[in-house]
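Printed here is target_3.txt (compact mmCIF, C-alpha atoms):
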```txt
# COMPACT_ATOMS: atom_id res chain seq x y z
CA MET A 24 0.00 0.00 0.00
CA PHE A 25 2.86 2.40 0.80
CA LYS A 26 4.50 1.98 -2.61
CA TYR A 27 1.13 2.31 -4.36
CA LEU A 28 0.27 5.52 -2.53
CA MET A 29 3.70 7.02 -3.24
CA GLU A 30 3.40 6.30 -6.96
CA HIS A 31 -0.31 7.15 -7.21
CA ARG A 32 0.00 10.47 -5.42
CA ALA A 33 3.21 11.41 -7.24
CA LYS A 34 1.29 10.87 -10.50
CA LEU A 35 -1.60 13.01 -9.26
CA ILE A 36 0.82 15.80 -8.43
CA GLU A 37 2.54 15.50 -11.82
CA GLU A 38 -0.81 15.84 -13.60
CA HIS A 39 -1.96 18.73 -11.44
CA LEU A 40 1.31 20.63 -11.77
CA LEU A 41 1.07 20.54 -15.54
CA GLN A 42 -2.60 21.53 -15.38
CA GLU A 43 -1.82 24.52 -13.16
CA LEU A 44 1.09 25.57 -15.36
CA LYS A 45 -0.88 25.35 -18.60
CA GLN A 46 -3.75 27.47 -17.30
CA THR A 47 -1.37 30.27 -16.31
CA PRO A 48 -0.81 33.08 -18.84
CA ILE A 49 2.98 33.28 -19.37
CA LEU A 50 4.18 36.06 -21.68
CA ASP A 51 7.37 34.44 -22.94
CA GLN A 52 7.60 30.95 -24.43
CA LYS A 53 11.20 30.41 -23.33
CA LEU A 54 10.27 31.29 -19.75
CA TYR A 55 7.43 28.75 -19.92
CA GLN A 56 9.85 26.12 -21.22
CA ALA A 57 12.32 26.81 -18.43
CA MET A 58 9.60 26.61 -15.78
CA GLU A 59 8.22 23.38 -17.22
CA TYR A 60 11.68 21.86 -17.65
CA SER A 61 12.49 21.97 -13.94
CA LEU A 62 8.95 21.51 -12.61
CA MET A 63 8.32 18.36 -14.66
CA SER A 64 11.79 16.82 -14.41
CA GLY A 65 10.72 14.06 -12.06
CA GLY A 66 11.57 13.79 -8.40
CA LYS A 67 9.88 11.96 -5.57
CA ARG A 68 7.32 14.70 -4.83
CA ILE A 69 7.79 13.95 -1.13
CA ARG A 70 6.67 17.35 0.14
CA PRO A 71 3.21 17.40 -1.48
CA ILE A 72 2.81 13.73 -0.62
CA LEU A 73 3.56 14.55 3.02
CA LEU A 74 0.95 17.31 2.93
CA MET A 75 -1.65 14.83 1.74
CA ALA A 76 -0.56 12.20 4.28
CA ALA A 77 -0.84 14.68 7.16
CA ALA A 78 -4.36 15.58 6.03
CA ASP A 79 -5.20 11.86 5.95
CA ALA A 80 -3.82 11.44 9.47
CA VAL A 81 -6.15 14.02 11.00
CA GLY A 82 -9.02 14.28 8.53
CA ALA A 83 -12.54 13.63 9.66
CA HIS A 84 -15.85 13.24 7.81
CA GLY A 85 -14.23 11.88 4.68
CA ILE A 86 -11.54 14.58 4.33
CA LYS A 87 -8.62 13.15 2.39
CA GLY A 88 -5.29 14.58 1.33
CA GLU A 89 -6.16 14.30 -2.34
CA ASN A 90 -8.73 17.07 -1.82
CA PHE A 91 -5.87 19.57 -1.56
CA LEU A 92 -3.98 19.13 -4.82
CA SER A 93 -3.71 22.85 -5.57
CA VAL A 94 -1.95 23.63 -2.28
CA ALA A 95 0.18 20.50 -2.64
CA SER A 96 1.19 21.56 -6.14
CA ALA A 97 2.03 25.07 -4.93
CA LEU A 98 4.35 23.53 -2.36
CA GLU A 99 6.17 21.61 -5.09
CA MET A 100 6.53 24.80 -7.12
CA ILE A 101 8.23 26.46 -4.15
CA HIS A 102 10.53 23.47 -3.77
CA THR A 103 11.39 23.48 -7.47
CA TYR A 104 12.18 27.19 -7.41
CA SER A 105 14.60 26.56 -4.55
CA LEU A 106 16.36 23.80 -6.50
CA ILE A 107 16.79 26.00 -9.57
CA HIS A 108 18.37 28.75 -7.49
CA ASP A 109 20.45 26.37 -5.34
CA ASP A 110 22.04 24.92 -8.46
CA LEU A 111 23.22 28.30 -9.79
CA PRO A 112 26.99 28.95 -10.03
CA ALA A 113 26.74 31.59 -7.29
CA MET A 114 25.16 29.04 -4.94
CA ASP A 115 25.91 25.29 -5.09
CA ASN A 116 27.19 25.41 -8.69
CA SER A 117 25.61 22.11 -9.77
CA ASP A 118 25.50 20.86 -13.35
CA TYR A 119 23.00 18.05 -12.74
CA ARG A 120 19.75 17.65 -10.86
CA ARG A 121 17.64 14.48 -10.86
CA GLY A 122 20.00 13.06 -13.47
CA LYS A 123 19.39 15.92 -15.93
CA LEU A 124 21.28 19.10 -16.73
CA THR A 125 20.29 21.88 -14.36
CA SER A 126 18.18 24.78 -15.57
CA HIS A 127 21.01 27.27 -15.96
CA LYS A 128 23.03 24.77 -18.03
CA VAL A 129 20.12 24.47 -20.47
CA PHE A 130 18.58 27.96 -20.47
CA GLY A 131 21.36 30.18 -19.09
CA GLU A 132 21.70 31.76 -15.68
CA ALA A 133 19.39 34.73 -16.26
CA MET A 134 16.48 32.60 -17.53
CA ALA A 135 17.00 30.09 -14.70
CA ILE A 136 16.72 32.88 -12.15
CA LEU A 137 13.53 34.13 -13.79
CA ALA A 138 12.04 30.62 -13.96
CA GLY A 139 12.66 30.21 -10.24
CA ASP A 140 11.15 33.62 -9.50
CA ALA A 141 8.11 32.80 -11.63
CA LEU A 142 7.50 29.45 -9.92
CA LEU A 143 7.76 30.98 -6.45
CA THR A 144 5.22 33.70 -7.20
CA LEU A 145 2.95 31.36 -9.15
CA ALA A 146 2.78 29.09 -6.10
CA PHE A 147 0.78 31.64 -4.13
CA GLU A 148 -1.61 32.20 -7.03
CA VAL A 149 -2.15 28.43 -7.18
CA ILE A 150 -2.93 28.33 -3.45
CA SER A 151 -5.77 30.80 -4.12
CA ARG A 152 -7.18 28.38 -6.69
CA GLN A 153 -7.75 25.68 -4.04
CA LYS A 154 -11.42 24.76 -3.94
CA ASN A 155 -13.62 23.85 -0.97
CA VAL A 156 -11.39 25.49 1.64
CA LYS A 157 -12.41 28.67 3.45
CA TYR A 158 -10.26 31.70 2.70
CA PRO A 159 -9.12 32.24 6.32
CA VAL A 160 -7.71 28.70 6.27
CA LEU A 161 -6.03 29.27 2.90
CA LEU A 162 -4.55 32.50 4.26
CA GLU A 163 -3.16 30.62 7.26
CA VAL A 164 -1.58 28.08 4.93
CA ALA A 165 -0.17 30.78 2.67
CA VAL A 166 1.49 32.41 5.69
CA GLU A 167 2.82 29.02 6.77
CA LEU A 168 4.41 28.41 3.37
CA SER A 169 5.76 31.94 2.97
CA LYS A 170 7.52 31.75 6.34
CA ALA A 171 8.97 28.35 5.45
CA ALA A 172 10.25 29.62 2.11
CA GLY A 173 11.66 32.90 3.40
CA ALA A 174 14.31 34.36 5.67
CA SER A 175 13.07 32.50 8.74
CA GLY A 176 13.15 29.21 6.85
CA MET A 177 14.61 27.99 3.58
CA VAL A 178 16.32 31.20 2.45
CA GLY A 179 17.74 31.74 5.92
CA GLY A 180 19.12 28.21 5.96
CA GLN A 181 20.67 28.67 2.53
CA SER A 182 22.31 31.87 3.76
CA ILE A 183 23.91 30.03 6.67
CA ASP A 184 25.03 27.33 4.22
CA LEU A 185 26.77 29.87 1.98
CA GLU A 186 28.42 31.60 4.94
CA SER A 187 29.64 28.25 6.28
CA GLU A 188 31.42 27.00 3.14
CA GLY A 189 35.07 26.29 3.82
CA LYS A 190 34.64 27.02 7.54
CA LYS A 191 34.50 24.79 10.58
CA ILE A 192 31.05 24.84 12.15
CA ASP A 193 29.56 22.85 15.02
CA LEU A 194 26.63 20.45 14.99
CA ALA A 195 24.28 23.07 16.47
CA THR A 196 24.95 25.42 13.55
CA LEU A 197 24.58 22.59 11.06
CA LYS A 198 21.24 21.60 12.58
CA LYS A 199 20.03 25.23 12.53
CA MET A 200 21.05 25.50 8.88
CA HIS A 201 19.16 22.40 7.81
CA LEU A 202 16.09 23.12 9.93
CA GLY A 203 15.79 26.11 7.62
CA LYS A 204 17.19 24.97 4.31
CA THR A 205 15.70 21.46 4.24
CA GLY A 206 13.43 21.07 7.24
CA ALA A 207 11.28 24.18 6.89
CA LEU A 208 9.37 22.98 3.82
CA PHE A 209 8.82 19.53 5.33
CA ARG A 210 7.46 21.23 8.45
CA ALA A 211 5.23 23.50 6.39
CA ALA A 212 3.99 20.59 4.26
CA ILE A 213 2.88 18.56 7.25
CA ARG A 214 1.47 21.47 9.22
CA SER A 215 -0.40 22.74 6.15
CA GLY A 216 -1.96 19.34 5.52
CA ALA A 217 -3.09 19.19 9.13
CA ILE A 218 -4.48 22.75 9.05
CA LEU A 219 -6.36 22.13 5.79
CA ALA A 220 -7.96 19.02 7.28
CA GLY A 221 -9.09 20.84 10.43
CA ALA A 222 -6.70 19.33 12.99
CA ASN A 223 -6.83 20.50 16.59
CA ASN A 224 -3.83 22.13 18.28
CA GLN A 225 -2.74 18.92 20.00
CA LYS A 226 -2.50 17.03 16.73
CA ILE A 227 -0.80 19.92 14.95
CA SER A 228 1.80 20.04 17.73
CA ALA A 229 2.49 16.31 17.50
CA LEU A 230 2.76 16.47 13.71
CA THR A 231 5.07 19.49 13.95
CA ASN A 232 7.46 17.47 16.12
CA TYR A 233 7.21 14.60 13.65
CA ALA A 234 7.97 16.96 10.77
CA GLU A 235 11.08 18.34 12.44
CA ASN A 236 12.41 14.85 13.09
CA PHE A 237 11.51 13.81 9.55
CA GLY A 238 13.42 16.76 8.11
CA LEU A 239 16.46 16.03 10.25
CA ALA A 240 16.43 12.34 9.32
CA PHE A 241 16.05 13.24 5.64
CA GLN A 242 19.09 15.52 5.75
CA ILE A 243 21.27 13.03 7.61
CA THR A 244 20.45 10.27 5.14
CA ASP A 245 21.10 12.72 2.30
CA ASP A 246 24.56 13.36 3.73
CA ILE A 247 25.14 9.61 3.99
CA LEU A 248 24.09 9.10 0.37
CA ASP A 249 26.59 11.74 -0.73
CA VAL A 250 29.30 9.43 0.63
CA GLU A 251 28.07 5.96 -0.26
CA GLY A 252 25.22 6.45 -2.72
CA GLU A 253 25.29 5.54 -6.39
CA GLU A 254 25.39 8.42 -8.86
CA ASN A 255 22.81 6.88 -11.18
CA TYR A 256 20.39 6.70 -8.22
CA ILE A 257 20.94 10.08 -6.57
CA GLY A 258 21.10 12.02 -9.84
CA LYS A 259 24.21 14.03 -9.02
CA PRO A 260 27.92 13.26 -8.53
CA VAL A 261 28.74 11.35 -5.34
CA GLY A 262 31.07 13.28 -3.07
CA SER A 263 29.86 16.73 -4.12
CA ASP A 264 29.61 17.89 -0.49
CA LYS A 265 33.24 17.03 0.18
CA LYS A 266 34.32 18.65 -3.09
CA ASN A 267 32.51 21.87 -2.17
CA LEU A 268 33.95 21.81 1.39
CA LYS A 269 30.49 21.56 2.92
CA ALA A 270 29.96 20.61 6.55
CA THR A 271 27.65 17.59 6.85
CA TYR A 272 26.58 15.17 9.56
CA VAL A 273 29.13 12.73 8.15
CA THR A 274 32.06 15.17 8.07
CA LEU A 275 31.32 16.55 11.55
CA THR A 276 30.93 13.12 13.12
CA SER A 277 31.59 9.97 11.10
CA LEU A 278 29.68 7.74 8.72
CA ASP A 279 28.79 5.31 11.51
CA GLU A 280 27.75 8.09 13.88
CA ALA A 281 25.61 9.68 11.18
CA LYS A 282 23.84 6.37 10.56
CA LYS A 283 23.23 5.99 14.30
CA LEU A 284 21.83 9.52 14.55
CA ALA A 285 19.57 8.88 11.56
CA SER A 286 18.13 5.77 13.21
CA GLU A 287 17.55 7.60 16.49
CA THR A 288 15.86 10.51 14.74
CA ILE A 289 13.57 8.18 12.79
CA GLN A 290 12.55 6.49 16.05
CA ASN A 291 11.79 9.91 17.54
CA ALA A 292 9.55 10.65 14.58
CA LEU A 293 7.71 7.38 15.09
CA ASP A 294 7.26 8.20 18.77
CA ASP A 295 5.66 11.51 17.81
CA LEU A 296 2.86 9.52 16.15
CA LYS A 297 2.11 7.30 19.13
CA ASP A 298 -1.32 8.85 19.73
CA PHE A 299 -2.41 8.43 16.10
CA GLY A 300 -4.13 5.36 14.73
CA GLU A 301 -3.75 3.53 11.44
CA GLU A 302 -4.69 6.70 9.58
CA ALA A 303 -1.08 7.81 10.19
CA ASP A 304 0.50 4.57 8.94
CA PHE A 305 1.74 6.22 5.75
CA LEU A 306 3.63 8.80 7.82
CA ARG A 307 5.18 5.94 9.79
CA GLU A 308 6.22 4.09 6.67
CA ILE A 309 7.66 7.07 4.82
CA VAL A 310 9.98 8.05 7.67
CA GLN A 311 11.27 4.47 7.85
CA TYR A 312 11.72 4.52 4.08
CA LEU A 313 14.36 7.22 4.54
CA ILE A 314 16.90 4.83 6.02
CA GLN A 315 16.51 2.49 3.03
CA ARG A 316 16.39 5.02 0.20
CA LYS A 317 19.05 5.17 -2.49
CA LYS A 318 18.26 8.64 -3.81
```

Could you rewrite the structure in this file as structure tokens?
Amino acid sequence: MFKYLMEHRAKLIEEHLLQELKQTPILDQKLYQAMEYSLMSGGKRIRPILLMAAADAVGAHGIKGENFLSVASALEMIHTYSLIHDDLPAMDNSDYRRGKLTSHKVFGEAMAILAGDALLTLAFEVISRQKNVKYPVLLEVAVELSKAAGASGMVGGQSIDLESEGKKIDLATLKKMHLGKTGALFRAAIRSGAILAGANNQKISALTNYAENFGLAFQITDDILDVEGEENYIGKPVGSDKKNLKATYVTLTSLDEAKKLASETIQNALDDLKDFGEEADFLREIVQYLIQRKK
């Protein structure tokens, strides 16, 4: 069931992303091509899938995560924008993403920047297109996502990352960096799904803790894959973190210690779901999937 839901919901997101993109008036054809190139280049679609799973975990009266495809798609647009900008020469300077040439290698740096800008702003228009959700709730979700994407979240984390290159930093700084750069969107995805489905404060709090542990576990396993993953699986050169002198959970501890920390963090995430029933089984399975993933 887990594999089916992952594939089924990833397909739903793919279809909805293209639908949202095609119904948007875009003045320049090359800009449209650049947006579509990165947005439809594959990927696991974990963030929108998490949003839907969180809604499933708390939804009552037949509320299901698949009711919120517009918000879920907007979240993926924000994520894709961040990847386009992260890959730029002034940032992580990556030539490949998901096994394909990065946007700036295909369309040039200027068009890549514009494609990222366009996807970020389009995301909030797409949120407004969500049907059957009251506007105060949509506004709450929009604020949640904007904070996660901005200076107090993803952009702030990326800033710390850039300032830390080539420097020795401690684990506390590394954790702060990734709570923003990687963890903030996971947190927003899960909290937004819960908010959309009408969760009470107790459940939102428990899911927030789960999200933070999920994000930490995701980053640690990502650092591990950079050391021992296979390039054809992870879609980028193995060892890129070491080459770029980046601090990671592996470089600041050791490979074995990083694996131990990942296992402990995954268990913490599972503990956060102890008061949920089988409706949260997908959230339990996806966090355990992290330790087994190859990409």

Worksheet entry | Computed interatomic separation between atom CA of Arg120 of chain A and atom CA of Gly180 of chain A (Å) | 19.9 Å

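Excluding Leu124 of chain A and any residue on its chain fewer than 6 positions from it, the residues at most 12 Å away by only C-alpha atoms are Ala57, Tyr60, Ser61, Ser64, Ile107, Asp110, Leu111, Asn116, Ser117, Asp118, Phe130, Gly131, Ala135, Gly258 and Lys259 of chain A.
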
Item to complete: Could you check which of A:Lys199, A:Lys283, A:Lys123, A:Lys87 is closest to Ala217 of chain A, using all atoms listed in the file?
Response: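 Among the listed residues, A:Lys87 lies closest to Ala217 of chain A.
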
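Shortest separation to Ile289 of chain A among A:Tyr158, A:Tyr233, A:Phe91, A:Tyr272 occurs at residue A:Tyr233, atoms counted being all atoms listed in the file.
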
Closest contacts (segment 180-213 of chain A/segment 170-174 of chain A, max 12 Å, only C-alpha atoms) as a tab-separated table:
```
residue	atom	partner	partner_atom	distance
A:Gly180	CA	A:Ala174	CA	7.8
A:Gln181	CA	A:Ala174	CA	9.1
A:Ser182	CA	A:Ala174	CA	8.6
A:Ile183	CA	A:Ala174	CA	10.6
A:Met200	CA	A:Ala174	CA	11.6
A:Leu202	CA	A:Ala171	CA	9.9
A:Gly203	CA	A:Ala171	CA	7.5
A:Lys204	CA	A:Ala172	CA	8.6
A:Thr205	CA	A:Ala171	CA	9.7
A:Gly206	CA	A:Ala171	CA	8.7
A:Ala207	CA	A:Ala171	CA	5.0
A:Leu208	CA	A:Ala171	CA	5.6
A:Phe209	CA	A:Ala171	CA	8.8
A:Arg210	CA	A:Ala171	CA	7.9
A:Ala211	CA	A:Ala171	CA	6.2
A:Ala212	CA	A:Ala171	CA	9.3
A:Ile213	CA	A:Ala171	CA	11.7
```

Discussion item. Measuring between all atoms listed in the file, which one of A:Lys282, A:Arg68, A:Lys191, A:His108 shows the shortest distance to Asp140 of chain A?
Written reply: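 Looking only at the distances to Asp140 of chain A, the closest residue turns out to be A:His108.
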
Practice prompt. Figure out the distance between atom CA of Leu28 of chain A and atom CA of Asp304 of chain A, please, to one decimal in Å.
Written response: 11.5 Å

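Excluding segment 94-102 of chain A itself and any same-chain residue fewer than 2 positions from it, the protein and nucleic acid residues within 8 Å of it, counting all atoms listed in the file, are Ile36, His39, Leu40, Leu62, Arg68, Arg70, Pro71, Ile72, Leu74, Met75, Phe91, Leu92, Tyr104, Ser105, Leu106, Leu142, Leu143, Leu145, Ala146, Phe147, Val149, Ile150, Gln153, Leu168, Ala172, Leu208 and Ala212 of chain A.
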
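Distances here use all atoms listed in the file; by that measure, the residue among A:Ala222, A:Leu162, A:Val129, A:Ala292 closest to Ala234 of chain A is A:Ala292.
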
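Pairwise distance (atom CA of Met134 of chain A, atom CA of Gln52 of chain A) equals 11.4 Å.
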
Item to complete: Compare A:Arg32, A:Ile314, A:Glu59, A:Arg214 by their minimum atom-to-atom distance to Thr47 of chain A, counting all atoms listed in the file, and give me the closest one.
Response: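 So, comparing all the options, the nearest one is A:Glu59.
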
Worksheet, complete the sentence: If you count only C-alpha atoms, the residue of A:Glu308, A:Glu186, A:Glu163, A:Asp51 closest to Met114 of chain A turns out to be A:Glu186

Worksheet item: If you count all atoms listed in the file, which residues fall within 9 Å of Ser187 of chain A, apart from same-chain ones fewer than 6 positions away, as JSON, numbers by chain?
Response: {"A": [197, 269, 270]}

Practice prompt. Determine, counting all atoms listed in the file, which protein, DNA and RNA residues have an atom within 10 Å of an atom of Met63 of chain A; residues of the same chain fewer than 4 positions away are not included. Present the result as a PyMOL selection string.
Written response: chain A and resi 37-38+40-41+58-59+103

Enclosing box along x, y and z for every listed atom of segment 38-41 of chain A, padded 5 Å each side, centre and size in Å, one decimal, as AutoDock Vina command-line options:
```
--center_x -0.3 --center_y 18.2 --center_z -13.5 --size_x 13.3 --size_y 14.8 --size_z 14.1
```

Please supply segment 69-104 of chain A, rebuilt with N, CA and C atoms, as a compact mmCIF listing (two decimals), in the coordinates of the input.
```txt
# COMPACT_ATOMS: atom_id res chain seq x y z
N ILE A 69 8.00 14.30 -2.53
CA ILE A 69 7.79 13.95 -1.13
C ILE A 69 7.02 15.03 -0.38
N ARG A 70 7.31 16.28 -0.64
CA ARG A 70 6.67 17.35 0.14
C ARG A 70 5.15 17.41 -0.08
N PRO A 71 4.67 17.43 -1.31
CA PRO A 71 3.21 17.40 -1.48
C PRO A 71 2.58 16.09 -1.00
N ILE A 72 3.32 15.01 -1.12
CA ILE A 72 2.81 13.73 -0.62
C ILE A 72 2.68 13.76 0.89
N LEU A 73 3.64 14.39 1.56
CA LEU A 73 3.56 14.55 3.02
C LEU A 73 2.37 15.41 3.41
N LEU A 74 2.11 16.47 2.65
CA LEU A 74 0.95 17.31 2.93
C LEU A 74 -0.33 16.48 2.89
N MET A 75 -0.46 15.66 1.87
CA MET A 75 -1.65 14.83 1.74
C MET A 75 -1.73 13.80 2.86
N ALA A 76 -0.58 13.22 3.23
CA ALA A 76 -0.56 12.20 4.28
C ALA A 76 -0.93 12.80 5.63
N ALA A 77 -0.49 14.03 5.90
CA ALA A 77 -0.84 14.68 7.16
C ALA A 77 -2.34 14.96 7.21
N ALA A 78 -2.91 15.36 6.08
CA ALA A 78 -4.36 15.58 6.03
C ALA A 78 -5.10 14.27 6.28
N ASP A 79 -4.60 13.18 5.70
CA ASP A 79 -5.20 11.86 5.95
C ASP A 79 -5.16 11.51 7.43
N ALA A 80 -4.04 11.84 8.08
CA ALA A 80 -3.82 11.44 9.47
C ALA A 80 -4.78 12.11 10.44
N VAL A 81 -5.28 13.29 10.08
CA VAL A 81 -6.15 14.02 11.00
C VAL A 81 -7.54 14.25 10.45
N GLY A 82 -7.76 13.95 9.18
CA GLY A 82 -9.02 14.28 8.53
C GLY A 82 -10.21 13.53 9.11
N ALA A 83 -11.29 14.24 9.20
CA ALA A 83 -12.54 13.63 9.66
C ALA A 83 -13.61 13.84 8.59
N HIS A 84 -14.70 13.07 8.70
CA HIS A 84 -15.85 13.24 7.81
C HIS A 84 -15.45 13.11 6.33
N GLY A 85 -14.58 12.17 6.06
CA GLY A 85 -14.23 11.88 4.68
C GLY A 85 -13.18 12.79 4.06
N ILE A 86 -12.59 13.69 4.86
CA ILE A 86 -11.54 14.58 4.33
C ILE A 86 -10.31 13.75 4.02
N LYS A 87 -9.81 13.88 2.82
CA LYS A 87 -8.62 13.15 2.39
C LYS A 87 -7.61 14.12 1.79
N GLY A 88 -6.35 13.73 1.84
CA GLY A 88 -5.29 14.58 1.33
C GLY A 88 -5.43 14.94 -0.13
N GLU A 89 -6.03 14.05 -0.91
CA GLU A 89 -6.16 14.30 -2.34
C GLU A 89 -7.14 15.43 -2.66
N ASN A 90 -7.85 15.92 -1.63
CA ASN A 90 -8.73 17.07 -1.82
C ASN A 90 -7.95 18.37 -1.97
N PHE A 91 -6.64 18.33 -1.67
CA PHE A 91 -5.87 19.57 -1.56
C PHE A 91 -4.73 19.62 -2.58
N LEU A 92 -5.02 19.22 -3.80
CA LEU A 92 -3.98 19.13 -4.82
C LEU A 92 -3.42 20.49 -5.23
N SER A 93 -4.22 21.54 -5.18
CA SER A 93 -3.71 22.85 -5.57
C SER A 93 -2.66 23.33 -4.58
N VAL A 94 -2.94 23.22 -3.29
CA VAL A 94 -1.95 23.63 -2.28
C VAL A 94 -0.72 22.72 -2.35
N ALA A 95 -0.95 21.43 -2.53
CA ALA A 95 0.18 20.50 -2.64
C ALA A 95 1.06 20.83 -3.84
N SER A 96 0.44 21.20 -4.95
CA SER A 96 1.19 21.56 -6.14
C SER A 96 1.97 22.86 -5.93
N ALA A 97 1.35 23.81 -5.24
CA ALA A 97 2.03 25.07 -4.93
C ALA A 97 3.29 24.80 -4.11
N LEU A 98 3.19 23.89 -3.18
CA LEU A 98 4.35 23.53 -2.36
C LEU A 98 5.48 22.97 -3.22
N GLU A 99 5.15 22.16 -4.20
CA GLU A 99 6.17 21.61 -5.09
C GLU A 99 6.78 22.69 -5.98
N MET A 100 5.99 23.68 -6.35
CA MET A 100 6.53 24.80 -7.12
C MET A 100 7.57 25.57 -6.30
N ILE A 101 7.28 25.78 -5.03
CA ILE A 101 8.23 26.46 -4.15
C ILE A 101 9.51 25.64 -4.03
N HIS A 102 9.35 24.36 -3.87
CA HIS A 102 10.53 23.47 -3.77
C HIS A 102 11.35 23.52 -5.05
N THR A 103 10.67 23.47 -6.19
CA THR A 103 11.39 23.48 -7.47
C THR A 103 12.13 24.79 -7.68
N TYR A 104 11.49 25.90 -7.33
CA TYR A 104 12.18 27.19 -7.41
C TYR A 104 13.48 27.16 -6.61
```
